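Source file target-v8.csv; content: CSV, N, CA and C atoms.
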chain,number,residue,atom,x,y,z
A,485,MET,N,106.2,-32.0,38.7
A,485,MET,CA,106.4,-31.6,37.3
A,485,MET,C,106.6,-30.1,37.3
A,486,ALA,N,105.8,-29.3,38.0
A,486,ALA,CA,106.0,-27.8,38.1
A,486,ALA,C,106.6,-27.4,39.5
A,487,ALA,N,106.9,-28.4,40.3
A,487,ALA,CA,107.3,-28.2,41.7
A,487,ALA,C,108.5,-27.2,41.7
A,488,GLY,N,108.3,-26.1,42.5
A,488,GLY,CA,109.3,-25.1,42.7
A,488,GLY,C,109.3,-24.0,41.7
A,489,LEU,N,108.5,-24.1,40.6
A,489,LEU,CA,108.4,-23.0,39.6
A,489,LEU,C,107.5,-21.9,40.2
A,490,ARG,N,107.8,-20.7,39.8
A,490,ARG,CA,106.9,-19.6,40.2
A,490,ARG,C,106.2,-19.2,38.9
A,491,VAL,N,104.8,-19.4,38.9
A,491,VAL,CA,104.0,-19.2,37.8
A,491,VAL,C,103.1,-18.0,38.0
A,492,LEU,N,103.1,-17.2,37.0
A,492,LEU,CA,102.2,-16.0,37.0
A,492,LEU,C,101.1,-16.2,35.9
A,493,VAL,N,99.8,-16.0,36.3
A,493,VAL,CA,98.7,-16.3,35.4
A,493,VAL,C,97.8,-15.0,35.4
A,494,THR,N,97.3,-14.6,34.3
A,494,THR,CA,96.3,-13.5,34.2
A,494,THR,C,95.0,-14.2,33.8
A,495,ALA,N,93.9,-13.5,34.3
A,495,ALA,CA,92.6,-14.1,34.0
A,495,ALA,C,91.5,-13.0,34.0
A,496,GLY,N,90.4,-13.3,33.4
A,496,GLY,CA,89.2,-12.4,33.4
A,496,GLY,C,89.3,-11.3,32.5
A,497,PRO,N,88.3,-10.4,32.5
A,497,PRO,CA,88.2,-9.3,31.6
A,497,PRO,C,88.9,-8.1,32.3
A,498,THR,N,89.0,-7.0,31.6
A,498,THR,CA,89.3,-5.7,32.2
A,498,THR,C,88.2,-4.8,31.8
A,499,VAL,N,88.1,-3.7,32.6
A,499,VAL,CA,87.0,-2.7,32.4
A,499,VAL,C,87.6,-1.3,32.2
A,500,GLU,N,87.2,-0.6,31.2
A,500,GLU,CA,87.6,0.7,30.9
A,500,GLU,C,86.5,1.7,31.1
A,501,ASP,N,86.6,2.5,32.1
A,501,ASP,CA,85.5,3.5,32.4
A,501,ASP,C,85.4,4.6,31.3
A,502,LEU,N,84.2,4.9,30.8
A,502,LEU,CA,84.0,6.0,29.9
A,502,LEU,C,83.6,7.2,30.7
A,503,ASP,N,82.7,7.0,31.7
A,503,ASP,CA,82.3,8.1,32.6
A,503,ASP,C,81.8,7.4,33.8
A,504,PRO,N,81.2,8.1,34.8
A,504,PRO,CA,80.8,7.4,36.0
A,504,PRO,C,79.7,6.3,35.9
A,505,VAL,N,79.1,6.2,34.7
A,505,VAL,CA,78.0,5.3,34.5
A,505,VAL,C,78.4,4.2,33.5
A,506,ARG,N,79.0,4.5,32.4
A,506,ARG,CA,79.3,3.6,31.3
A,506,ARG,C,80.7,3.1,31.3
A,507,PHE,N,80.9,1.9,30.7
A,507,PHE,CA,82.3,1.4,30.6
A,507,PHE,C,82.3,0.4,29.4
A,508,LEU,N,83.5,0.1,29.0
A,508,LEU,CA,83.8,-0.9,28.0
A,508,LEU,C,84.3,-2.1,28.7
A,509,SER,N,83.9,-3.3,28.3
A,509,SER,CA,84.4,-4.6,28.8
A,509,SER,C,84.0,-5.7,27.9
A,510,ASN,N,84.1,-6.9,28.4
A,510,ASN,CA,83.7,-8.1,27.6
A,510,ASN,C,83.1,-9.1,28.5
A,511,ARG,N,82.7,-10.2,28.0
A,511,ARG,CA,82.0,-11.2,28.8
A,511,ARG,C,82.9,-12.3,29.3
A,512,SER,N,84.2,-12.1,29.3
A,512,SER,CA,85.1,-13.1,29.8
A,512,SER,C,84.8,-13.5,31.3
A,513,THR,N,84.7,-14.8,31.6
A,513,THR,CA,84.4,-15.2,32.9
A,513,THR,C,85.6,-15.4,33.8
A,514,GLY,N,86.8,-15.6,33.1
A,514,GLY,CA,88.0,-15.8,33.9
A,514,GLY,C,88.3,-17.3,34.2
A,515,ARG,N,87.3,-18.1,33.9
A,515,ARG,CA,87.5,-19.5,34.3
A,515,ARG,C,88.7,-20.2,33.8
A,516,MET,N,89.1,-19.9,32.5
A,516,MET,CA,90.3,-20.6,32.0
A,516,MET,C,91.6,-20.2,32.8
A,517,GLY,N,91.8,-19.0,33.1
A,517,GLY,CA,92.9,-18.5,33.9
A,517,GLY,C,92.9,-19.1,35.3
A,518,TYR,N,91.7,-19.1,35.9
A,518,TYR,CA,91.6,-19.7,37.3
A,518,TYR,C,92.0,-21.2,37.2
A,519,ARG,N,91.5,-21.9,36.2
A,519,ARG,CA,91.8,-23.3,36.1
A,519,ARG,C,93.3,-23.6,35.9
A,520,VAL,N,93.9,-22.7,35.0
A,520,VAL,CA,95.3,-22.9,34.8
A,520,VAL,C,96.1,-22.6,36.1
A,521,ALA,N,95.7,-21.6,36.9
A,521,ALA,CA,96.3,-21.3,38.2
A,521,ALA,C,96.2,-22.5,39.1
A,522,GLU,N,95.0,-23.1,39.2
A,522,GLU,CA,94.8,-24.3,40.0
A,522,GLU,C,95.6,-25.5,39.6
A,523,ALA,N,95.7,-25.7,38.3
A,523,ALA,CA,96.5,-26.8,37.8
A,523,ALA,C,97.9,-26.7,38.1
A,524,ALA,N,98.4,-25.4,38.0
A,524,ALA,CA,99.9,-25.2,38.3
A,524,ALA,C,100.1,-25.4,39.8
A,525,ARG,N,99.2,-24.9,40.6
A,525,ARG,CA,99.3,-25.1,42.1
A,525,ARG,C,99.2,-26.6,42.4
A,526,ASP,N,98.3,-27.3,41.8
A,526,ASP,CA,98.2,-28.8,42.1
A,526,ASP,C,99.5,-29.5,41.7
A,527,ARG,N,100.3,-29.0,40.8
A,527,ARG,CA,101.5,-29.6,40.3
A,527,ARG,C,102.7,-29.1,41.1
A,528,GLY,N,102.5,-28.3,42.2
A,528,GLY,CA,103.5,-27.9,43.0
A,528,GLY,C,104.1,-26.5,42.8
A,529,ALA,N,103.6,-25.8,41.9
A,529,ALA,CA,104.1,-24.4,41.6
A,529,ALA,C,103.6,-23.4,42.6
A,530,GLN,N,104.4,-22.4,42.8
A,530,GLN,CA,104.0,-21.2,43.6
A,530,GLN,C,103.3,-20.3,42.6
A,531,VAL,N,102.0,-20.0,42.8
A,531,VAL,CA,101.2,-19.4,41.7
A,531,VAL,C,100.7,-18.0,42.2
A,532,SER,N,100.9,-17.0,41.3
A,532,SER,CA,100.3,-15.7,41.4
A,532,SER,C,99.3,-15.5,40.3
A,533,LEU,N,98.1,-15.1,40.7
A,533,LEU,CA,97.0,-14.8,39.7
A,533,LEU,C,96.7,-13.4,39.7
A,534,VAL,N,96.7,-12.7,38.5
A,534,VAL,CA,96.3,-11.4,38.4
A,534,VAL,C,94.9,-11.4,37.7
A,535,SER,N,93.9,-11.0,38.4
A,535,SER,CA,92.5,-11.2,37.9
A,535,SER,C,91.8,-9.9,37.7
A,536,GLY,N,91.1,-9.8,36.5
A,536,GLY,CA,90.2,-8.8,36.3
A,536,GLY,C,88.9,-9.1,37.1
A,537,PRO,N,87.9,-8.3,37.0
A,537,PRO,CA,86.6,-8.6,37.8
A,537,PRO,C,85.9,-9.8,37.3
A,538,THR,N,85.8,-10.8,38.2
A,538,THR,CA,85.0,-12.0,37.9
A,538,THR,C,84.1,-12.3,39.1
A,539,GLY,N,83.3,-13.3,38.9
A,539,GLY,CA,82.4,-13.8,40.0
A,539,GLY,C,83.0,-15.0,40.6
A,540,LEU,N,84.3,-15.3,40.4
A,540,LEU,CA,84.9,-16.5,40.9
A,540,LEU,C,85.6,-16.3,42.2
A,541,ASP,N,85.6,-17.3,43.0
A,541,ASP,CA,86.3,-17.3,44.3
A,541,ASP,C,87.8,-17.5,44.1
A,542,ALA,N,88.6,-16.9,44.9
A,542,ALA,CA,90.0,-17.0,44.8
A,542,ALA,C,90.4,-18.5,45.1
A,543,PRO,N,91.2,-19.1,44.2
A,543,PRO,CA,91.6,-20.5,44.5
A,543,PRO,C,92.5,-20.5,45.7
A,544,SER,N,92.3,-21.5,46.5
A,544,SER,CA,93.1,-21.6,47.8
A,544,SER,C,94.5,-22.0,47.4
A,545,GLY,N,95.4,-21.4,48.1
A,545,GLY,CA,96.8,-21.6,47.9
A,545,GLY,C,97.4,-20.8,46.7
A,546,VAL,N,96.7,-19.9,46.2
A,546,VAL,CA,97.1,-19.0,45.1
A,546,VAL,C,97.1,-17.6,45.5
A,547,GLU,N,98.1,-16.8,45.3
A,547,GLU,CA,98.2,-15.4,45.6
A,547,GLU,C,97.4,-14.7,44.5
A,548,VAL,N,96.3,-14.0,44.9
A,548,VAL,CA,95.5,-13.3,43.9
A,548,VAL,C,95.6,-11.8,44.1
A,549,SER,N,95.8,-11.1,42.9
A,549,SER,CA,95.8,-9.7,42.9
A,549,SER,C,94.6,-9.3,42.0
A,550,ARG,N,93.7,-8.5,42.5
A,550,ARG,CA,92.5,-8.1,41.8
A,550,ARG,C,92.7,-6.7,41.2
A,551,VAL,N,92.4,-6.6,39.9
A,551,VAL,CA,92.6,-5.4,39.2
A,551,VAL,C,91.3,-5.1,38.4
A,552,ARG,N,91.2,-3.9,37.9
A,552,ARG,CA,90.0,-3.6,37.1
A,552,ARG,C,90.3,-3.2,35.7
A,553,SER,N,91.2,-2.3,35.5
A,553,SER,CA,91.5,-1.8,34.1
A,553,SER,C,92.8,-2.5,33.5
A,554,ALA,N,92.9,-2.3,32.2
A,554,ALA,CA,94.1,-2.9,31.5
A,554,ALA,C,95.4,-2.3,32.1
A,555,ALA,N,95.4,-1.0,32.4
A,555,ALA,CA,96.5,-0.3,33.0
A,555,ALA,C,96.9,-1.0,34.3
A,556,GLU,N,95.9,-1.2,35.1
A,556,GLU,CA,96.1,-1.9,36.4
A,556,GLU,C,96.7,-3.3,36.2
A,557,MET,N,96.2,-4.0,35.2
A,557,MET,CA,96.7,-5.3,35.0
A,557,MET,C,98.1,-5.3,34.5
A,558,LEU,N,98.4,-4.4,33.6
A,558,LEU,CA,99.8,-4.2,33.2
A,558,LEU,C,100.7,-3.9,34.3
A,559,GLU,N,100.3,-3.0,35.2
A,559,GLU,CA,101.2,-2.7,36.4
A,559,GLU,C,101.4,-3.9,37.3
A,560,ALA,N,100.3,-4.6,37.5
A,560,ALA,CA,100.5,-5.8,38.4
A,560,ALA,C,101.4,-6.9,37.8
A,561,VAL,N,101.2,-7.1,36.5
A,561,VAL,CA,102.1,-8.1,35.8
A,561,VAL,C,103.5,-7.6,35.8
A,562,LEU,N,103.8,-6.4,35.5
A,562,LEU,CA,105.1,-5.9,35.5
A,562,LEU,C,105.8,-6.0,36.9
A,563,GLN,N,105.0,-5.8,37.9
A,563,GLN,CA,105.5,-5.9,39.3
A,563,GLN,C,105.9,-7.4,39.6
A,564,LYS,N,105.1,-8.3,39.1
A,564,LYS,CA,105.3,-9.7,39.5
A,564,LYS,C,106.2,-10.5,38.5
A,565,ARG,N,106.4,-9.9,37.3
A,565,ARG,CA,107.2,-10.6,36.2
A,565,ARG,C,108.6,-10.9,36.6
A,566,PRO,N,109.3,-10.1,37.3
A,566,PRO,CA,110.7,-10.4,37.6
A,566,PRO,C,110.9,-11.7,38.5
A,567,GLY,N,109.9,-12.1,39.3
A,567,GLY,CA,109.9,-13.3,40.1
A,567,GLY,C,109.3,-14.5,39.4
A,568,ALA,N,108.8,-14.4,38.2
A,568,ALA,CA,108.1,-15.5,37.6
A,568,ALA,C,109.1,-16.3,36.7
A,569,ASP,N,108.9,-17.6,36.8
A,569,ASP,CA,109.6,-18.5,35.8
A,569,ASP,C,108.8,-18.8,34.6
A,570,VAL,N,107.5,-18.7,34.8
A,570,VAL,CA,106.5,-19.0,33.7
A,570,VAL,C,105.4,-17.9,33.8
A,571,ILE,N,105.0,-17.4,32.6
A,571,ILE,CA,103.8,-16.5,32.6
A,571,ILE,C,102.8,-17.1,31.6
A,572,VAL,N,101.6,-17.2,32.1
A,572,VAL,CA,100.5,-17.7,31.3
A,572,VAL,C,99.4,-16.6,31.2
A,573,MET,N,99.3,-16.0,30.0
A,573,MET,CA,98.4,-14.9,29.9
A,573,MET,C,97.0,-15.3,29.4
A,574,CYS,N,96.0,-15.5,30.2
A,574,CYS,CA,94.7,-15.9,29.8
A,574,CYS,C,93.7,-14.8,29.9
A,575,ALA,N,94.0,-13.6,30.4
A,575,ALA,CA,93.1,-12.5,30.5
A,575,ALA,C,92.6,-12.1,29.2
A,576,ASP,N,91.4,-11.6,29.1
A,576,ASP,CA,90.8,-11.1,27.9
A,576,ASP,C,90.8,-9.5,28.1
A,577,VAL,N,91.9,-8.9,27.9
A,577,VAL,CA,92.1,-7.5,28.1
A,577,VAL,C,91.3,-6.7,27.1
A,578,GLU,N,90.6,-5.7,27.6
A,578,GLU,CA,89.8,-4.9,26.7
A,578,GLU,C,90.6,-4.2,25.7
A,579,THR,N,90.2,-4.2,24.4
A,579,THR,CA,91.0,-3.7,23.3
A,579,THR,C,91.0,-2.2,23.2
A,580,TYR,N,89.9,-1.5,23.6
A,580,TYR,CA,89.8,-0.1,23.5
A,580,TYR,C,89.7,0.5,24.9
A,581,ALA,N,90.3,1.8,25.0
A,581,ALA,CA,90.2,2.5,26.3
A,581,ALA,C,90.0,4.0,25.9
A,582,PRO,N,89.3,4.8,26.6
A,582,PRO,CA,89.1,6.2,26.3
A,582,PRO,C,90.4,6.9,26.7
A,583,LEU,N,90.6,8.1,26.0
A,583,LEU,CA,91.8,8.9,26.4
A,583,LEU,C,91.6,9.5,27.7
A,584,PHE,N,90.4,9.7,28.2
A,584,PHE,CA,90.1,10.3,29.5
A,584,PHE,C,88.7,9.9,29.9
A,585,GLU,N,88.4,9.9,31.2
A,585,GLU,CA,87.1,9.6,31.6
A,585,GLU,C,86.3,10.9,31.8
A,586,ALA,N,85.1,10.9,31.3
A,586,ALA,CA,84.2,12.1,31.5
A,586,ALA,C,83.7,12.1,32.9
A,587,VAL,N,83.5,13.3,33.4
A,587,VAL,CA,83.0,13.4,34.8
A,587,VAL,C,81.7,14.3,34.7
A,588,PHE,N,80.8,14.1,35.7
A,588,PHE,CA,79.6,14.9,35.7
A,588,PHE,C,79.9,16.2,36.4
A,589,SER,N,79.2,17.2,35.9
A,589,SER,CA,79.3,18.5,36.6
A,589,SER,C,78.0,18.7,37.4
A,590,ASP,N,77.8,19.8,38.0
A,590,ASP,CA,76.6,20.0,38.8
A,590,ASP,C,75.3,20.2,37.9
A,591,GLY,N,75.5,20.6,36.7
A,591,GLY,CA,74.4,20.8,35.8
A,591,GLY,C,74.0,19.5,35.1
A,592,ASP,N,73.4,19.7,33.9
A,592,ASP,CA,73.0,18.5,33.1
A,592,ASP,C,74.0,18.0,32.1
A,593,ALA,N,75.2,18.7,32.1
A,593,ALA,CA,76.2,18.3,31.1
A,593,ALA,C,77.4,17.7,31.8
A,594,TYR,N,78.2,17.0,31.0
A,594,TYR,CA,79.4,16.5,31.5
A,594,TYR,C,80.4,17.7,31.6
A,595,ASP,N,81.3,17.6,32.5
A,595,ASP,CA,82.3,18.6,32.6
A,595,ASP,C,83.5,18.0,31.8
A,596,THR,N,84.3,18.9,31.2
A,596,THR,CA,85.4,18.4,30.5
A,596,THR,C,86.5,18.1,31.5
A,597,PRO,N,87.1,16.9,31.5
A,597,PRO,CA,88.2,16.6,32.4
A,597,PRO,C,89.4,17.5,32.1
A,598,PRO,N,90.2,17.7,33.1
A,598,PRO,CA,91.4,18.6,33.0
A,598,PRO,C,92.3,18.1,31.8
A,599,GLU,N,92.5,16.8,31.6
A,599,GLU,CA,93.4,16.3,30.6
A,599,GLU,C,92.8,16.7,29.2
A,600,ALA,N,91.5,16.7,29.1
A,600,ALA,CA,90.9,17.1,27.8
A,600,ALA,C,91.0,18.6,27.6
A,601,LYS,N,90.8,19.4,28.6
A,601,LYS,CA,91.0,20.8,28.5
A,601,LYS,C,92.4,21.2,28.0
A,602,ARG,N,93.4,20.5,28.6
A,602,ARG,CA,94.8,20.8,28.2
A,602,ARG,C,95.0,20.4,26.8
A,603,ALA,N,94.3,19.4,26.3
A,603,ALA,CA,94.4,18.9,24.9
A,603,ALA,C,93.6,19.8,23.9
A,604,GLY,N,92.8,20.7,24.5
A,604,GLY,CA,92.1,21.6,23.6
A,604,GLY,C,90.6,21.2,23.3
A,605,PHE,N,90.1,20.1,24.0
A,605,PHE,CA,88.8,19.7,23.7
A,605,PHE,C,87.8,20.7,24.4
A,606,PRO,N,86.7,20.9,23.7
A,606,PRO,CA,85.7,21.8,24.3
A,606,PRO,C,84.9,21.1,25.4
A,607,ARG,N,84.0,21.9,26.0
A,607,ARG,CA,83.1,21.3,27.0
A,607,ARG,C,82.3,20.2,26.3
A,608,LEU,N,82.1,19.1,27.0
A,608,LEU,CA,81.4,17.9,26.4
A,608,LEU,C,79.9,18.1,26.6
A,609,PRO,N,79.1,18.3,25.6
A,609,PRO,CA,77.6,18.7,25.8
A,609,PRO,C,76.7,17.4,25.9
A,610,CYS,N,77.0,16.5,26.8
A,610,CYS,CA,76.2,15.3,26.9
A,610,CYS,C,75.4,15.4,28.2
A,611,GLY,N,74.1,15.0,28.1
A,611,GLY,CA,73.3,15.0,29.3
A,611,GLY,C,73.6,13.8,30.2
A,612,LYS,N,73.2,13.9,31.4
A,612,LYS,CA,73.3,12.7,32.4
A,612,LYS,C,72.2,11.7,32.0
A,613,GLY,N,72.6,10.4,32.1
A,613,GLY,CA,71.8,9.3,32.0
A,613,GLY,C,70.5,9.3,31.4

Translate the structure of the given file into structure tokens.
Amino acid sequence: MAAGLRVLVTAGPTVEDLDPVRFLSNRSTGRMGYRVAEAARDRGAQVSLVSGPTGLDAPSGVEVSRVRSAAEMLEAVLQKRPGADVIVMCADVETYAPLFEAVFSDGDAYDTPPEAKRAGFPRLPCGKG
């Protein structure tokens, strides 16, 4: 039925780092995307799976690209898209992402990242953990 088709599937959540400790994500397990990839493989398709962080084992016979953020997922999908006959997007991509990731300084406050300094943001006065 799908023999010879090249199928691209996305699965799992994405993670958007706020700082070295905190992040935004969701509770997606990735199971639906992994099952879709397995079903396509079982029907004879050549399957590529782009997966956010999950606790699932890579399906045998499926090419798996592991990503963390929405930007990484987008990059991986755009790289694989030209060779795909079918794209099934099951990933639960995080809706929000920070403009920049805060970084810790040597003191008790966050240091303002270079991108934020260029945009005119002041030093971020937040304490560590």

Within range 492-575 of chain A, find each residue whose DSSP state, derived from the backbone, is strand (DSSP E), and express the selection as a PyMOL selection string.
chain A and resi 492-495+500-501+507-508+530-535+547-550+570-573

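A straight line drawn from CA of Tyr518 in chain A to CA of Gly567 in chain A is 19.6 Å long.
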
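Compared by their closest atoms to Gly496 in chain A, and using all atoms listed in the file, the residues A:Val520, A:Leu533, A:Cys574, A:Ala555 rank with A:Cys574 nearest.
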
Point-to-point distance in Å for CA of Ala529 in chain A and CA of Val499 in chain A
29.1 Å

Looking at all atoms listed in the file, which of A:Ala560, A:Val551, A:Leu502, A:Met516 is the one that sits closest to Gly536 in chain A?
A:Val551

Just the residues within 5 Å of Gly517 in chain A, please, counting all atoms listed in the file, with nothing from its chain fewer than 3 positions along; format it as a VMD selection string.
chain A and resid 494 to 495 514 520 to 521

Compute the distance from (93.1, -5.7, 27.5) to each atom, counting only N, CA and C atoms, keep the residues with any atom at most 8 Å away, and return them as a ChimeraX atom specification; use the coordinates of the file.
/A:497-499,553-555,575-580

Between atom C of Pro537 in chain A and atom N of Ala568 in chain A - distance in Å to one decimal:
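Going from atom N of Ala568 in chain A over to atom C of Pro537 in chain A, I get 23.4 Å.
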
Which residue gives the smallest distance to Gly528 in chain A among A:Ala486, A:Asp501, A:Met573, A:Pro582, with all atoms listed in the file counted?
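Under the stated criterion, the closest residue is A:Ala486.
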
Excluding Ala523 in chain A and any residue of its chain fewer than 6 positions from it, enumerate the residues within 12 Å of it, using only C-alpha atoms, and give them as number ranges by chain.
A: 485-487, 491, 493, 516-517, 529-531, 543-546, 572

Next, dump the selected residues to file, keeping only N, CA and C atoms, as a PDB file, in the coordinates of the input.
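Output file out_0.pdb follows:
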ATOM      1  N   MET A 485     106.200 -32.000  38.700  1.00  0.00           N
ATOM      2  CA  MET A 485     106.400 -31.600  37.300  1.00  0.00           C
ATOM      3  C   MET A 485     106.600 -30.100  37.300  1.00  0.00           C
ATOM      4  N   ALA A 486     105.800 -29.300  38.000  1.00  0.00           N
ATOM      5  CA  ALA A 486     106.000 -27.800  38.100  1.00  0.00           C
ATOM      6  C   ALA A 486     106.600 -27.400  39.500  1.00  0.00           C
ATOM      7  N   ALA A 487     106.900 -28.400  40.300  1.00  0.00           N
ATOM      8  CA  ALA A 487     107.300 -28.200  41.700  1.00  0.00           C
ATOM      9  C   ALA A 487     108.500 -27.200  41.700  1.00  0.00           C
ATOM     10  N   VAL A 491     104.800 -19.400  38.900  1.00  0.00           N
ATOM     11  CA  VAL A 491     104.000 -19.200  37.800  1.00  0.00           C
ATOM     12  C   VAL A 491     103.100 -18.000  38.000  1.00  0.00           C
ATOM     13  N   VAL A 493      99.800 -16.000  36.300  1.00  0.00           N
ATOM     14  CA  VAL A 493      98.700 -16.300  35.400  1.00  0.00           C
ATOM     15  C   VAL A 493      97.800 -15.000  35.400  1.00  0.00           C
ATOM     16  N   MET A 516      89.100 -19.900  32.500  1.00  0.00           N
ATOM     17  CA  MET A 516      90.300 -20.600  32.000  1.00  0.00           C
ATOM     18  C   MET A 516      91.600 -20.200  32.800  1.00  0.00           C
ATOM     19  N   GLY A 517      91.800 -19.000  33.100  1.00  0.00           N
ATOM     20  CA  GLY A 517      92.900 -18.500  33.900  1.00  0.00           C
ATOM     21  C   GLY A 517      92.900 -19.100  35.300  1.00  0.00           C
ATOM     22  N   ALA A 529     103.600 -25.800  41.900  1.00  0.00           N
ATOM     23  CA  ALA A 529     104.100 -24.400  41.600  1.00  0.00           C
ATOM     24  C   ALA A 529     103.600 -23.400  42.600  1.00  0.00           C
ATOM     25  N   GLN A 530     104.400 -22.400  42.800  1.00  0.00           N
ATOM     26  CA  GLN A 530     104.000 -21.200  43.600  1.00  0.00           C
ATOM     27  C   GLN A 530     103.300 -20.300  42.600  1.00  0.00           C
ATOM     28  N   VAL A 531     102.000 -20.000  42.800  1.00  0.00           N
ATOM     29  CA  VAL A 531     101.200 -19.400  41.700  1.00  0.00           C
ATOM     30  C   VAL A 531     100.700 -18.000  42.200  1.00  0.00           C
ATOM     31  N   PRO A 543      91.200 -19.100  44.200  1.00  0.00           N
ATOM     32  CA  PRO A 543      91.600 -20.500  44.500  1.00  0.00           C
ATOM     33  C   PRO A 543      92.500 -20.500  45.700  1.00  0.00           C
ATOM     34  N   SER A 544      92.300 -21.500  46.500  1.00  0.00           N
ATOM     35  CA  SER A 544      93.100 -21.600  47.800  1.00  0.00           C
ATOM     36  C   SER A 544      94.500 -22.000  47.400  1.00  0.00           C
ATOM     37  N   GLY A 545      95.400 -21.400  48.100  1.00  0.00           N
ATOM     38  CA  GLY A 545      96.800 -21.600  47.900  1.00  0.00           C
ATOM     39  C   GLY A 545      97.400 -20.800  46.700  1.00  0.00           C
ATOM     40  N   VAL A 546      96.700 -19.900  46.200  1.00  0.00           N
ATOM     41  CA  VAL A 546      97.100 -19.000  45.100  1.00  0.00           C
ATOM     42  C   VAL A 546      97.100 -17.600  45.500  1.00  0.00           C
ATOM     43  N   VAL A 572     101.600 -17.200  32.100  1.00  0.00           N
ATOM     44  CA  VAL A 572     100.500 -17.700  31.300  1.00  0.00           C
ATOM     45  C   VAL A 572      99.400 -16.600  31.200  1.00  0.00           C
TER      46      VAL A 572
END
